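Below is final.cif, holding mmCIF, C-alpha atoms (C1' of nucleotides).
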data_model
loop_
_atom_site.label_atom_id
_atom_site.label_comp_id
_atom_site.auth_asym_id
_atom_site.auth_seq_id
_atom_site.Cartn_x
_atom_site.Cartn_y
_atom_site.Cartn_z
CA MET E 30 130.97 120.54 138.35
CA ALA E 31 128.99 117.41 138.55
CA LEU E 32 126.10 116.12 136.60
CA PRO E 33 122.83 117.44 137.93
CA MET E 34 121.87 113.85 138.55
CA ARG E 35 118.14 113.87 138.17
CA LYS E 36 116.36 111.20 139.99
CA SER E 37 115.51 108.46 137.58
CA LYS E 38 112.07 109.01 138.98
CA VAL E 39 111.42 111.80 136.48
CA GLU E 40 107.94 110.87 135.62
CA ALA E 41 107.30 110.29 131.96
CA PRO E 42 103.91 110.94 130.47
CA PRO E 43 101.87 107.73 130.61
CA ALA E 44 102.81 104.97 128.21
CA CYS E 45 101.99 105.64 124.62
CA PRO E 46 98.78 104.65 122.97
CA LEU E 47 100.27 107.01 120.45
CA THR E 48 102.00 104.17 118.70
CA GLU E 49 98.76 102.26 118.66
CA CYS E 50 97.05 104.98 116.74
CA MET E 51 99.99 105.78 114.53
CA LYS E 52 99.86 102.25 113.19
CA LEU E 53 96.63 103.25 111.51
CA LEU E 54 98.16 106.34 109.96
CA ARG E 55 101.32 104.67 108.81
CA GLY E 56 102.38 104.67 105.22
CA ALA E 57 102.60 107.54 102.84
CA TRP E 58 99.28 109.13 101.97
CA ALA E 59 97.24 107.24 104.54
CA PRO E 60 96.29 110.41 106.39
CA ASN E 61 95.43 112.08 103.12
CA VAL E 62 93.15 109.26 102.12
CA ILE E 63 91.32 109.47 105.40
CA TRP E 64 91.10 113.20 105.14
CA TYR E 65 89.56 113.10 101.71
CA LEU E 66 87.17 110.36 102.70
CA SER E 67 86.04 112.46 105.62
CA GLY E 68 84.13 114.53 103.10
CA GLY E 69 81.98 111.54 102.21
CA PRO E 70 82.34 108.33 100.22
CA ARG E 71 84.58 108.49 97.19
CA ARG E 72 85.63 106.30 94.35
CA PHE E 73 89.07 105.21 93.32
CA GLY E 74 89.45 107.64 90.49
CA GLU E 75 88.19 110.48 92.57
CA LEU E 76 90.79 109.82 95.19
CA ARG E 77 93.44 109.68 92.52
CA HIS E 78 92.26 113.04 91.40
CA ASP E 79 92.15 114.39 94.94
CA ILE E 80 95.71 113.36 95.60
CA PRO E 81 97.41 114.03 92.30
CA ARG E 82 100.86 112.82 93.19
CA ILE E 83 99.82 109.39 94.38
CA SER E 84 100.29 106.47 92.04
CA ALA E 85 97.53 103.98 91.39
CA ARG E 86 99.69 101.25 92.79
CA VAL E 87 100.20 102.94 96.10
CA LEU E 88 96.65 104.19 96.38
CA SER E 89 95.46 100.66 95.85
CA ALA E 90 97.87 99.29 98.41
CA ARG E 91 96.91 101.94 100.93
CA LEU E 92 93.20 101.33 100.48
CA ARG E 93 93.63 97.60 100.97
CA GLU E 94 95.68 98.18 104.03
CA LEU E 95 93.22 100.60 105.57
CA GLU E 96 90.41 98.24 104.73
CA GLY E 97 92.27 95.43 106.42
CA LYS E 98 92.65 97.54 109.52
CA GLY E 99 88.97 98.33 109.53
CA VAL E 100 89.43 102.01 108.93
CA ILE E 101 87.52 102.11 105.69
CA SER E 102 85.05 99.93 103.87
CA ARG E 103 84.88 99.10 100.20
CA ARG E 104 81.73 98.61 98.24
CA VAL E 105 81.73 97.45 94.67
CA LEU E 106 78.99 98.98 92.58
CA ASP E 107 77.80 96.58 89.92
CA SER E 108 77.70 99.07 87.15
CA SER E 109 79.01 98.18 83.76
CA PRO E 110 82.55 99.33 84.32
CA PRO E 111 82.39 98.03 87.86
CA SER E 112 83.37 100.83 90.13
CA ALA E 113 84.20 100.88 93.78
CA GLU E 114 83.27 103.20 96.53
CA TYR E 115 85.22 103.75 99.70
CA ARG E 116 83.97 105.23 102.89
CA LEU E 117 85.17 105.64 106.42
CA SER E 118 84.08 103.05 108.91
CA GLU E 119 83.20 104.00 112.45
CA LEU E 120 86.78 103.45 113.44
CA GLY E 121 87.84 105.64 110.59
CA ALA E 122 85.50 108.36 111.72
CA GLU E 123 87.19 108.33 115.09
CA LEU E 124 90.42 109.26 113.41
CA VAL E 125 89.01 112.36 111.83
CA PRO E 126 89.40 114.64 114.83
CA ALA E 127 93.06 113.70 115.00
CA ILE E 128 93.51 114.41 111.33
CA LYS E 129 91.69 117.68 111.77
CA ALA E 130 94.05 118.66 114.53
CA ILE E 131 96.95 117.95 112.25
CA VAL E 132 95.40 119.91 109.46
CA ALA E 133 94.80 122.81 111.82
CA VAL E 134 98.48 122.95 112.57
CA GLY E 135 99.25 122.77 108.88
CA VAL E 136 97.01 125.74 108.29
CA LYS E 137 98.75 127.75 110.93
CA LEU E 138 102.07 126.88 109.39
CA LYS E 139 101.02 128.12 106.01
CA SER E 140 99.42 131.31 107.24
CA ALA E 141 102.46 132.08 109.31
CA HIS E 142 104.70 132.07 106.25
CA ARG E 143 107.62 130.08 107.44
CA PRO E 144 110.44 129.67 104.89
CA MET Q 17 73.55 99.37 83.56
CA ALA Q 18 75.72 102.33 83.14
CA LEU Q 19 78.26 103.96 85.35
CA PRO Q 20 76.69 106.46 87.66
CA MET Q 21 78.90 109.05 86.01
CA ARG Q 22 79.53 111.53 88.73
CA LYS Q 23 80.37 114.94 87.55
CA SER Q 24 84.09 115.48 87.77
CA LYS Q 25 83.00 118.48 89.74
CA VAL Q 26 82.75 116.42 92.91
CA GLU Q 27 84.18 118.90 95.28
CA ALA Q 28 87.15 117.71 97.25
CA PRO Q 29 87.90 118.97 100.71
CA PRO Q 30 90.20 122.00 100.44
CA ALA Q 31 93.81 121.37 99.53
CA CYS Q 32 95.89 119.71 102.18
CA PRO Q 33 97.95 121.58 104.71
CA LEU Q 34 97.95 118.07 106.11
CA THR Q 35 101.07 117.21 104.22
CA GLU Q 36 102.67 120.38 105.48
CA CYS Q 37 102.20 119.32 109.05
CA MET Q 38 102.99 115.68 108.47
CA LYS Q 39 106.45 116.68 107.32
CA LEU Q 40 107.13 117.62 110.91
CA LEU Q 41 105.90 114.30 112.22
CA ARG Q 42 107.69 112.20 109.66
CA GLY Q 43 110.15 109.56 110.63
CA ALA Q 44 109.75 106.79 113.11
CA TRP Q 45 109.42 107.94 116.69
CA ALA Q 46 109.12 111.62 115.90
CA PRO Q 47 105.63 111.83 117.39
CA ASN Q 48 106.78 109.93 120.43
CA VAL Q 49 109.66 112.30 121.01
CA ILE Q 50 107.34 115.28 120.84
CA TRP Q 51 104.88 113.58 123.10
CA TYR Q 52 107.44 112.88 125.76
CA LEU Q 53 108.87 116.36 125.50
CA SER Q 54 105.42 117.79 126.01
CA GLY Q 55 105.82 116.85 129.66
CA GLY Q 56 108.71 119.28 129.98
CA PRO Q 57 112.37 119.38 128.99
CA ARG Q 58 114.20 116.09 128.95
CA ARG Q 59 117.68 114.79 128.40
CA PHE Q 60 118.92 112.32 125.88
CA GLY Q 61 119.13 109.42 128.25
CA GLU Q 62 115.74 110.14 129.67
CA LEU Q 63 114.21 110.00 126.24
CA ARG Q 64 115.98 106.73 125.56
CA HIS Q 65 114.46 105.46 128.72
CA ASP Q 66 111.03 106.82 127.82
CA ILE Q 67 111.07 105.12 124.45
CA PRO Q 68 112.78 101.83 125.19
CA ARG Q 69 112.80 100.42 121.70
CA ILE Q 70 114.48 103.37 120.04
CA SER Q 71 118.18 103.12 119.28
CA ALA Q 72 120.60 105.86 120.22
CA ARG Q 73 121.42 106.33 116.59
CA VAL Q 74 117.86 106.97 115.54
CA LEU Q 75 117.00 109.07 118.55
CA SER Q 76 119.99 111.23 117.80
CA ALA Q 77 119.01 111.55 114.16
CA ARG Q 78 115.44 112.37 115.04
CA LEU Q 79 116.43 115.02 117.53
CA ARG Q 80 118.74 116.69 115.03
CA GLU Q 81 116.05 116.61 112.43
CA LEU Q 82 113.42 118.08 114.71
CA GLU Q 83 115.86 120.70 115.84
CA GLY Q 84 116.57 121.57 112.23
CA LYS Q 85 112.89 122.00 111.61
CA GLY Q 86 112.56 124.26 114.59
CA VAL Q 87 110.32 121.93 116.53
CA ILE Q 88 112.64 121.49 119.47
CA SER Q 89 115.64 123.25 120.91
CA ARG Q 90 118.78 121.78 122.33
CA ARG Q 91 120.76 123.16 125.21
CA VAL Q 92 124.05 121.76 126.32
CA LEU Q 93 124.59 121.89 130.04
CA ASP Q 94 128.24 122.40 130.87
CA SER Q 95 128.37 119.90 133.61
CA SER Q 96 131.24 117.56 133.88
CA PRO Q 97 129.83 114.82 131.75
CA PRO Q 98 128.29 117.40 129.47
CA SER Q 99 124.65 116.62 129.14
CA ALA Q 100 122.04 117.96 126.82
CA GLU Q 101 118.52 119.05 127.39
CA TYR Q 102 115.80 119.14 124.79
CA ARG Q 103 112.61 121.08 124.94
CA LEU Q 104 109.76 121.95 122.63
CA SER Q 105 109.95 125.24 120.83
CA GLU Q 106 106.84 127.33 120.27
CA LEU Q 107 106.32 125.57 117.01
CA GLY Q 108 106.67 122.28 118.78
CA ALA Q 109 104.11 123.30 121.33
CA GLU Q 110 101.65 123.91 118.53
CA LEU Q 111 101.96 120.30 117.56
CA VAL Q 112 100.94 119.03 120.95
CA PRO Q 113 97.18 119.32 120.45
CA ALA Q 114 97.49 117.22 117.32
CA ILE Q 115 99.52 114.63 119.13
CA LYS Q 116 97.01 114.66 121.93
CA ALA Q 117 94.22 114.00 119.49
CA ILE Q 118 96.14 111.04 118.17
CA VAL Q 119 96.79 109.76 121.63
CA ALA Q 120 93.12 110.11 122.46
CA VAL Q 121 92.24 107.82 119.61
CA GLY Q 122 94.89 105.39 120.73
CA VAL Q 123 93.36 105.29 124.16
CA LYS Q 124 89.96 104.54 122.73
CA LEU Q 125 91.46 101.77 120.68
CA LYS Q 126 93.01 100.14 123.68
CA SER Q 127 89.94 100.44 125.87
CA ALA Q 128 87.81 99.00 123.10
CA HIS Q 129 89.76 95.75 123.02
CA ARG Q 130 90.37 95.24 119.36
CA PRO Q 131 92.31 92.08 118.50
"C1'" DA K 18 86.18 101.90 64.66
"C1'" DA K 19 88.64 104.34 67.88
"C1'" DA K 20 89.08 106.72 71.96
"C1'" DT K 21 88.08 107.38 76.64
"C1'" DG K 22 87.08 106.21 81.33
"C1'" DT K 23 86.45 102.66 84.99
"C1'" DA K 24 89.43 100.02 88.74
"C1'" DG K 25 92.80 98.11 89.46
"C1'" DT K 26 97.30 94.40 89.04
"C1'" DA K 27 102.06 93.10 87.49
"C1'" DT K 28 106.88 94.06 87.32
"C1'" DC K 29 110.96 96.27 88.09
"C1'" DC K 30 113.91 99.23 90.48
"C1'" DC K 31 115.76 101.99 94.08
"C1'" DG K 32 116.64 105.03 98.08
"C1'" DC K 33 116.74 105.73 102.68
"C1'" DG K 34 115.21 105.06 107.05
"C1'" DG K 35 116.05 102.15 110.69
"C1'" DG K 36 118.36 98.28 113.48
"C1'" DT K 37 122.78 96.48 115.31
"C1'" DT K 38 127.17 96.76 117.04
"C1'" DA K 39 131.16 99.06 118.38
"C1'" DC K 40 133.78 103.08 120.07
"C1'" DT K 41 135.00 107.65 122.41
"C1'" DG K 42 136.28 110.46 126.75
"C1'" DG K 43 135.63 112.59 130.75
"C1'" DC K 44 133.69 111.98 135.36
"C1'" DT K 45 132.37 109.78 139.66
"C1'" DC K 46 131.38 105.96 142.54
"C1'" DG K 47 132.47 101.43 144.74
"C1'" DC O 1 142.02 100.70 140.26
"C1'" DG O 2 138.41 99.48 137.51
"C1'" DA O 3 133.31 99.84 136.42
"C1'" DG O 4 129.75 102.37 134.89
"C1'" DC O 5 127.19 106.29 133.35
"C1'" DC O 6 126.66 110.44 130.08
"C1'" DA O 7 125.80 111.81 125.12
"C1'" DG O 8 126.51 110.81 121.36
"C1'" DT O 9 129.09 109.23 116.46
"C1'" DA O 10 130.80 105.80 112.96
"C1'" DA O 11 130.30 102.08 109.95
"C1'" DC O 12 127.60 98.40 107.97
"C1'" DC O 13 123.61 96.02 106.31
"C1'" DC O 14 119.02 95.34 104.84
"C1'" DG O 15 114.02 95.42 103.99
"C1'" DC O 16 110.22 97.49 102.25
"C1'" DG O 17 107.73 101.27 101.00
"C1'" DG O 18 107.05 103.91 97.14
"C1'" DG O 19 107.74 105.73 92.11
"C1'" DA O 20 107.33 104.66 87.14
"C1'" DT O 21 105.58 102.15 83.47
"C1'" DA O 22 102.78 98.86 81.22
"C1'" DC O 23 98.72 96.09 80.76
"C1'" DT O 24 93.77 94.10 81.37
"C1'" DA O 25 88.60 93.95 80.31
"C1'" DC O 26 84.42 96.02 79.44
"C1'" DA O 27 81.08 99.78 78.01
"C1'" DT O 28 79.87 104.07 76.77
"C1'" DT O 29 80.85 108.01 73.99
"C1'" DT O 30 82.31 110.28 69.53
#
Translate this structure into C-alpha coordinates?
Amino acid sequence: MALPMRKSKVEAPPACPLTECMKLLRGAWAPNVIWYLSGGPRRFGELRHDIPRISARVLSARLRELEGKGVISRRVLDSSPPSAEYRLSELGAELVPAIKAIVAVGVKLKSAHRP
Amino acid sequence: MALPMRKSKVEAPPACPLTECMKLLRGAWAPNVIWYLSGGPRRFGELRHDIPRISARVLSARLRELEGKGVISRRVLDSSPPSAEYRLSELGAELVPAIKAIVAVGVKLKSAHRP
DNA sequence: AAATGTAGTATCCCGCGGGTTACTGGCTCG
DNA sequence: CGAGCCAGTAACCCGCGGGATACTACATTT
(Lines of atoms letter the chains of each structure in order from A and count residues from 1; the text may use other names and numbers.)
(Lines give C-alpha, C1' and ligand atoms only; values in the text may rest on other atoms or scores of the structure.)
Protein backbone atom coordinates (compact mmCIF):
# COMPACT_ATOMS: atom_id res chain seq x y z
CA MET A 1 0.00 0.00 0.00
CA ALA A 2 1.82 2.98 -1.25
CA LEU A 3 1.97 6.52 -0.11
CA PRO A 4 -0.88 8.55 -1.52
CA MET A 5 1.74 10.71 -3.14
CA ARG A 6 0.11 14.08 -3.28
CA LYS A 7 1.36 16.32 -5.95
CA SER A 8 3.77 18.75 -4.44
CA LYS A 9 1.51 21.23 -6.12
CA VAL A 10 -0.82 21.25 -3.12
CA GLU A 11 -1.43 24.91 -3.02
CA ALA A 12 -0.61 26.56 0.25
CA PRO A 13 -2.46 29.65 1.37
CA PRO A 14 -0.58 32.72 0.15
CA ALA A 15 2.65 33.58 1.89
CA CYS A 16 2.28 34.88 5.38
CA PRO A 17 1.98 38.50 6.26
CA LEU A 18 1.00 36.81 9.48
CA THR A 19 4.54 36.85 10.69
CA GLU A 20 4.77 40.51 9.79
CA CYS A 21 1.93 41.36 12.07
CA MET A 22 2.92 38.95 14.80
CA LYS A 23 6.17 40.82 15.19
CA LEU A 24 4.12 43.66 16.60
CA LEU A 25 2.35 41.41 19.06
CA ARG A 26 5.43 39.58 20.19
CA GLY A 27 6.48 39.49 23.78
CA ALA A 28 4.46 38.68 26.81
CA TRP A 29 1.71 41.16 27.58
CA ALA A 30 2.03 43.13 24.36
CA PRO A 31 -1.49 42.24 23.25
CA ASN A 32 -2.80 43.09 26.68
CA VAL A 33 -1.19 46.48 26.62
CA ILE A 34 -2.74 47.24 23.27
CA TRP A 35 -6.06 45.97 24.42
CA TYR A 36 -6.11 48.17 27.47
CA LEU A 37 -4.94 51.17 25.50
CA SER A 38 -7.76 50.62 23.07
CA GLY A 39 -10.03 52.06 25.74
CA GLY A 40 -8.23 55.39 25.54
CA PRO A 41 -4.92 56.85 26.70
CA ARG A 42 -3.56 55.51 29.95
CA ARG A 43 -0.70 56.15 32.27
CA PHE A 44 1.98 53.80 33.46
CA GLY A 45 0.48 53.14 36.83
CA GLU A 46 -2.92 52.61 35.37
CA LEU A 47 -1.61 49.97 33.07
CA ARG A 48 0.15 48.31 35.95
CA HIS A 49 -3.15 48.24 37.71
CA ASP A 50 -4.96 46.95 34.64
CA ILE A 51 -2.56 44.08 34.25
CA PRO A 52 -1.85 43.08 37.81
CA ARG A 53 0.62 40.33 37.14
CA ILE A 54 2.97 42.36 34.99
CA SER A 55 6.12 43.70 36.57
CA ALA A 56 7.18 47.30 36.19
CA ARG A 57 10.32 46.18 34.46
CA VAL A 58 8.52 44.26 31.79
CA LEU A 59 5.78 46.81 31.33
CA SER A 60 8.43 49.43 30.79
CA ALA A 61 10.29 47.26 28.33
CA ARG A 62 7.12 46.44 26.45
CA LEU A 63 6.06 50.07 26.21
CA ARG A 64 9.45 51.10 24.86
CA GLU A 65 9.36 48.32 22.36
CA LEU A 66 5.89 49.15 21.15
CA GLU A 67 6.83 52.79 20.98
CA GLY A 68 9.85 51.89 18.91
CA LYS A 69 7.66 49.97 16.52
CA GLY A 70 5.31 52.89 16.20
CA VAL A 71 2.39 51.12 17.76
CA ILE A 72 1.97 53.53 20.62
CA SER A 73 3.07 57.03 21.47
CA ARG A 74 4.32 58.37 24.76
CA ARG A 75 3.66 61.81 26.07
CA VAL A 76 5.26 63.13 29.20
CA LEU A 77 3.02 65.41 31.21
CA ASP A 78 5.03 68.07 32.99
CA SER A 79 3.26 67.79 36.25
CA SER A 80 5.18 67.80 39.46
CA PRO A 81 5.67 64.07 39.70
CA PRO A 82 6.16 63.91 35.97
CA SER A 83 3.77 61.37 34.63
CA ALA A 84 3.50 59.76 31.26
CA GLU A 85 0.60 58.98 29.08
CA TYR A 86 0.48 56.30 26.45
CA ARG A 87 -1.91 56.05 23.59
CA LEU A 88 -2.30 53.99 20.48
CA SER A 89 -0.92 55.42 17.29
CA GLU A 90 -2.74 54.98 14.02
CA LEU A 91 -0.81 51.81 13.42
CA GLY A 92 -1.78 50.65 16.85
CA ALA A 93 -5.41 51.34 16.12
CA GLU A 94 -5.18 49.08 13.12
CA LEU A 95 -4.26 46.24 15.41
CA VAL A 96 -7.36 46.59 17.51
CA PRO A 97 -9.68 44.60 15.26
CA ALA A 98 -7.24 41.72 15.37
CA ILE A 99 -7.05 41.89 19.13
CA LYS A 100 -10.81 42.07 19.28
CA ALA A 101 -11.07 38.93 17.20
CA ILE A 102 -8.76 37.20 19.62
CA VAL A 103 -10.73 38.42 22.56
CA ALA A 104 -13.93 37.21 20.94
CA VAL A 105 -12.51 33.73 20.77
CA GLY A 106 -11.41 33.99 24.37
CA VAL A 107 -14.93 34.90 25.37
CA LYS A 108 -16.34 31.92 23.58
CA LEU A 109 -13.83 29.71 25.30
CA LYS A 110 -14.84 30.93 28.71
CA SER A 111 -18.56 30.74 28.11
CA ALA A 112 -18.21 27.26 26.74
CA HIS A 113 -16.69 26.01 29.98
CA ARG A 114 -13.82 23.97 28.75
CA PRO A 115 -11.77 22.25 31.47
CA MET B 1 1.71 72.17 39.18
CA ALA B 2 0.16 69.15 40.63
CA LEU B 3 -0.49 65.72 39.28
CA PRO B 4 -3.77 65.54 37.47
CA MET B 5 -4.78 62.92 40.01
CA ARG B 6 -7.12 60.71 38.11
CA LYS B 7 -9.54 58.86 40.22
CA SER B 8 -8.38 55.31 40.65
CA LYS B 9 -11.82 54.58 39.37
CA VAL B 10 -10.65 54.90 35.78
CA GLU B 11 -12.57 52.07 34.33
CA ALA B 12 -10.50 49.47 32.56
CA PRO B 13 -11.85 47.48 29.66
CA PRO B 14 -13.42 44.27 31.01
CA ALA B 15 -11.09 41.57 32.22
CA CYS B 16 -9.14 39.79 29.56
CA PRO B 17 -10.26 36.61 27.88
CA LEU B 18 -7.41 37.71 25.67
CA THR B 19 -4.94 35.75 27.70
CA GLU B 20 -7.21 32.76 27.51
CA CYS B 21 -7.08 32.76 23.75
CA MET B 22 -3.43 33.69 23.51
CA LYS B 23 -2.57 30.50 25.34
CA LEU B 24 -3.67 28.67 22.24
CA LEU B 25 -1.53 30.80 19.97
CA ARG B 26 1.54 30.68 22.15
CA GLY B 27 4.81 29.37 20.90
CA ALA B 28 6.65 30.27 17.78
CA TRP B 29 4.91 29.25 14.59
CA ALA B 30 1.67 28.19 16.23
CA PRO B 31 -0.32 30.84 14.37
CA ASN B 32 1.37 29.88 11.14
CA VAL B 33 0.48 26.24 11.58
CA ILE B 34 -3.15 27.10 12.16
CA TRP B 35 -3.14 29.44 9.23
CA TYR B 36 -1.81 26.84 6.86
CA LEU B 37 -4.18 24.22 8.19
CA SER B 38 -7.07 26.56 7.56
CA GLY B 39 -6.66 25.74 3.90
CA GLY B 40 -7.54 22.12 4.59
CA PRO B 41 -5.82 19.08 6.09
CA ARG B 42 -2.10 18.82 5.55
CA ARG B 43 0.69 16.41 6.24
CA PHE B 44 3.84 16.92 8.20
CA GLY B 45 6.09 17.36 5.24
CA GLU B 46 3.70 19.72 3.59
CA LEU B 47 3.69 21.93 6.62
CA ARG B 48 7.46 21.87 6.71
CA HIS B 49 7.39 22.99 3.15
CA ASP B 50 4.79 25.67 3.87
CA ILE B 51 6.86 27.12 6.68
CA PRO B 52 10.39 26.78 5.39
CA ARG B 53 12.21 28.16 8.38
CA ILE B 54 10.64 25.86 10.94
CA SER B 55 12.66 22.88 12.13
CA ALA B 56 11.19 19.40 12.25
CA ARG B 57 11.74 19.34 15.95
CA VAL B 58 9.74 22.46 16.63
CA LEU B 59 7.03 21.66 14.15
CA SER B 60 6.59 18.32 15.83
CA ALA B 61 6.47 19.90 19.26
CA ARG B 62 4.00 22.52 18.12
CA LEU B 63 1.71 19.97 16.53
CA ARG B 64 1.69 17.84 19.67
CA GLU B 65 0.97 20.86 21.76
CA LEU B 66 -1.86 22.04 19.58
CA GLU B 67 -3.25 18.56 19.50
CA GLY B 68 -3.11 18.42 23.27
CA LYS B 69 -5.04 21.64 23.46
CA GLY B 70 -7.66 20.30 21.12
CA VAL B 71 -6.94 22.78 18.38
CA ILE B 72 -5.99 20.22 15.77
CA SER B 73 -6.42 16.51 15.25
CA ARG B 74 -3.95 14.01 13.95
CA ARG B 75 -4.74 11.03 11.82
CA VAL B 76 -2.22 8.44 10.87
CA LEU B 77 -2.69 7.03 7.40
CA ASP B 78 -1.64 3.41 7.25
CA SER B 79 0.16 3.67 4.01
CA SER B 80 3.47 2.03 3.57
CA PRO B 81 5.59 4.90 4.73
CA PRO B 82 3.00 5.73 7.35
CA SER B 83 2.10 9.34 6.96
CA ALA B 84 0.13 11.64 9.15
CA GLU B 85 -2.50 14.16 8.39
CA TYR B 86 -3.38 17.14 10.52
CA ARG B 87 -6.54 19.13 10.43
CA LEU B 88 -8.20 21.83 12.46
CA SER B 89 -10.72 20.74 15.03
CA GLU B 90 -13.86 22.76 15.65
CA LEU B 91 -12.01 24.71 18.26
CA GLY B 92 -9.26 25.33 15.80
CA ALA B 93 -11.73 26.57 13.26
CA GLU B 94 -12.91 29.15 15.75
CA LEU B 95 -9.44 30.58 15.81
CA VAL B 96 -9.34 31.19 12.11
CA PRO B 97 -11.20 34.51 12.13
CA ALA B 98 -8.71 35.83 14.64
CA ILE B 99 -5.82 34.68 12.55
CA LYS B 100 -7.43 36.21 9.52
CA ALA B 101 -7.71 39.52 11.31
CA ILE B 102 -4.03 39.35 12.10
CA VAL B 103 -3.18 38.48 8.55
CA ALA B 104 -5.28 41.37 7.33
CA VAL B 105 -3.20 43.76 9.37
CA GLY B 106 -0.06 42.15 8.06
CA VAL B 107 -1.22 42.74 4.54
CA LYS B 108 -1.86 46.38 5.24
CA LEU B 109 1.59 46.67 6.72
CA LYS B 110 3.22 45.26 3.65
CA SER B 111 1.22 47.33 1.20
CA ALA B 112 1.98 50.45 3.20
CA HIS B 113 5.72 50.08 2.74
CA ARG B 114 7.05 50.61 6.20
CA PRO B 115 10.83 50.39 6.50
C1' DA C 1 8.27 64.44 59.69
C1' DA C 2 6.71 60.52 57.56
C1' DA C 3 4.15 58.20 54.31
C1' DT C 4 2.36 57.72 49.85
C1' DG C 5 2.17 57.97 44.92
C1' DT C 6 4.40 59.11 40.44
C1' DA C 7 7.44 56.68 36.60
C1' DG C 8 10.52 54.32 35.91
C1' DT C 9 15.87 51.96 36.00
C1' DA C 10 19.41 48.67 37.83
C1' DT C 11 20.76 44.06 38.91
C1' DC C 12 20.53 39.38 39.29
C1' DC C 13 18.87 35.00 38.15
C1' DC C 14 16.69 31.39 35.65
C1' DG C 15 13.76 28.44 32.70
C1' DC C 16 12.44 26.99 28.48
C1' DG C 17 11.63 27.58 23.91
C1' DG C 18 13.95 27.17 19.81
C1' DG C 19 17.94 26.06 16.49
C1' DT C 20 21.20 22.47 14.91
C1' DT C 21 22.65 18.07 13.93
C1' DA C 22 22.21 13.30 13.78
C1' DC C 23 19.58 8.95 13.54
C1' DT C 24 15.73 5.46 12.60
C1' DG C 25 13.14 2.16 9.33
C1' DG C 26 10.32 0.93 5.94
C1' DC C 27 9.23 1.81 1.10
C1' DT C 28 9.86 2.85 -3.76
C1' DC C 29 12.30 4.61 -7.60
C1' DG C 30 16.40 4.98 -10.70
C1' DC D 1 22.08 -2.09 -5.26
C1' DG D 2 21.97 2.24 -3.43
C1' DA D 3 19.54 6.84 -3.01
C1' DG D 4 15.97 9.31 -1.41
C1' DC D 5 11.63 10.33 0.69
C1' DC D 6 8.29 9.87 4.79
C1' DA D 7 7.51 11.23 9.77
C1' DG D 8 9.31 11.90 13.22
C1' DT D 9 12.67 11.42 17.88
C1' DA D 10 17.02 12.14 20.61
C1' DA D 11 20.56 14.81 22.50
C1' DC D 12 22.89 19.16 23.09
C1' DC D 13 23.46 24.04 23.53
C1' DC D 14 22.23 28.71 24.12
C1' DG D 15 20.05 33.29 24.26
C1' DC D 16 16.81 36.20 25.92
C1' DG D 17 12.57 37.15 27.71
C1' DG D 18 10.58 37.58 31.98
C1' DG D 19 10.12 37.41 37.35
C1' DA D 20 11.69 39.37 41.80
C1' DT D 21 13.70 42.80 44.44
C1' DA D 22 15.70 47.15 45.37
C1' DC D 23 16.38 51.97 44.56
C1' DT D 24 15.80 57.01 42.79
C1' DA D 25 13.78 61.87 43.04
C1' DC D 26 10.22 64.92 43.81
C1' DA D 27 5.65 66.67 45.66
C1' DT D 28 1.55 66.27 47.75
C1' DT D 29 -1.01 64.46 51.53
C1' DT D 30 -1.63 63.29 56.58
Note to self: When you count all atoms listed in the file, which of these residues is closest to chain Q: E:Ala141, E:Ala57, E:Val105, E:Ala130?
What the structure shows: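 Closest candidate: E:Ala130.
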Identify every residue of chain O that has at least one atom within 8 Å of any atom of chain E, counting all atoms listed in the file, and report the result as a tab-separated table (two decimals) with C-alpha atoms (C1' of nucleotides), in the coordinates of the input.
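See iface-v9.tsv below for the written result:
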chain	number	residue	atom	x	y	z
O	17	DG	C1'	107.73	101.27	101.00
O	18	DG	C1'	107.05	103.91	97.14
O	19	DG	C1'	107.74	105.73	92.11
O	26	DC	C1'	84.42	96.02	79.44
O	27	DA	C1'	81.08	99.78	78.01
Quick one: which chain E residues come within 8 Å of chain Q, and what is the nearest atom pair for each with the distance in Å to one decimal, counting all atoms listed in the file, rows ordered by chain and ascending number, as CSV?
residue,atom,partner,partner_atom,distance
E:Met30,CA,Q:Ser96,CA,5.4
E:Ala31,CA,Q:Ser96,CA,5.2
E:Leu32,CA,Q:Ser95,CA,5.3
E:Pro33,CA,Q:Ser95,CA,7.4
E:Ala41,CA,Q:Asp66,CA,6.6
E:Pro42,CA,Q:Tyr52,CA,6.2
E:Cys45,CA,Q:Val119,CA,7.3
E:Pro46,CA,Q:Gly122,CA,4.5
E:Leu47,CA,Q:Val119,CA,4.6
E:Thr48,CA,Q:Gly122,CA,7.5
E:Glu49,CA,Q:Gly122,CA,5.4
E:Cys50,CA,Q:Gly122,CA,4.6
E:Met51,CA,Q:Ile118,CA,7.5
E:Pro60,CA,Q:Leu34,CA,7.8
E:Asn61,CA,Q:Leu34,CA,7.2
E:Trp64,CA,Q:Pro29,CA,7.9
E:Tyr65,CA,Q:Pro29,CA,6.2
E:Gly68,CA,Q:Pro29,CA,6.3
E:Asp79,CA,Q:Ala28,CA,6.4
E:Ser108,CA,Q:Leu19,CA,5.2
E:Ser109,CA,Q:Ala18,CA,5.3
E:Pro110,CA,Q:Leu19,CA,6.4
E:Pro111,CA,Q:Leu19,CA,7.6
E:Ser112,CA,Q:Leu19,CA,7.7
E:Glu123,CA,Q:Val121,CA,6.8
E:Leu124,CA,Q:Val121,CA,6.6
E:Pro126,CA,Q:Ala117,CA,6.7
E:Ala127,CA,Q:Ala117,CA,4.6
E:Ile128,CA,Q:Ala114,CA,7.7
E:Ala130,CA,Q:Ala114,CA,4.7
E:Ile131,CA,Q:Ala114,CA,5.2
E:Val132,CA,Q:Leu34,CA,4.6
E:Ala133,CA,Q:Pro33,CA,7.9
E:Val134,CA,Q:Cys37,CA,6.3
E:Gly135,CA,Q:Pro33,CA,4.5
E:Val136,CA,Q:Pro33,CA,5.6
E:Leu138,CA,Q:Cys37,CA,7.6
E:Lys139,CA,Q:Pro33,CA,7.3
Margin query: Please report the interatomic distance between CA of Arg90 in chain Q and CA of Ala109 in chain Q in Å with one decimal.
Written below: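 Pair CA of Arg90 in chain Q / CA of Ala109 in chain Q returns 14.8 Å.
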With a cut-off of 12 Å, could you pull out the residues of chain K touching chain E and give me the nearest pair of atoms for each, distance in Å to one decimal, using all atoms listed in the file, ordered by chain and ascending number, as CSV?
residue,atom,partner,partner_atom,distance
K:DG22,C1',E:Pro110,CA,8.8
K:DT23,C1',E:Pro110,CA,5.2
K:DA24,C1',E:Ser112,CA,6.3
K:DG25,C1',E:Ser89,CA,7.4
K:DT26,C1',E:Arg86,CA,8.2
K:DA27,C1',E:Arg86,CA,10.0
K:DT28,C1',E:Arg86,CA,11.5
K:DG43,C1',E:Ala31,CA,11.3
K:DC44,C1',E:Ala31,CA,7.9
K:DT45,C1',E:Ala31,CA,8.4
Notebook entry, point to check: Separation of CA of Glu114 in chain E and C1' of DT24 in chain O, in Å?
Noted result: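 Taking CA of Glu114 in chain E and C1' of DT24 in chain O, their separation equals 20.6 Å.
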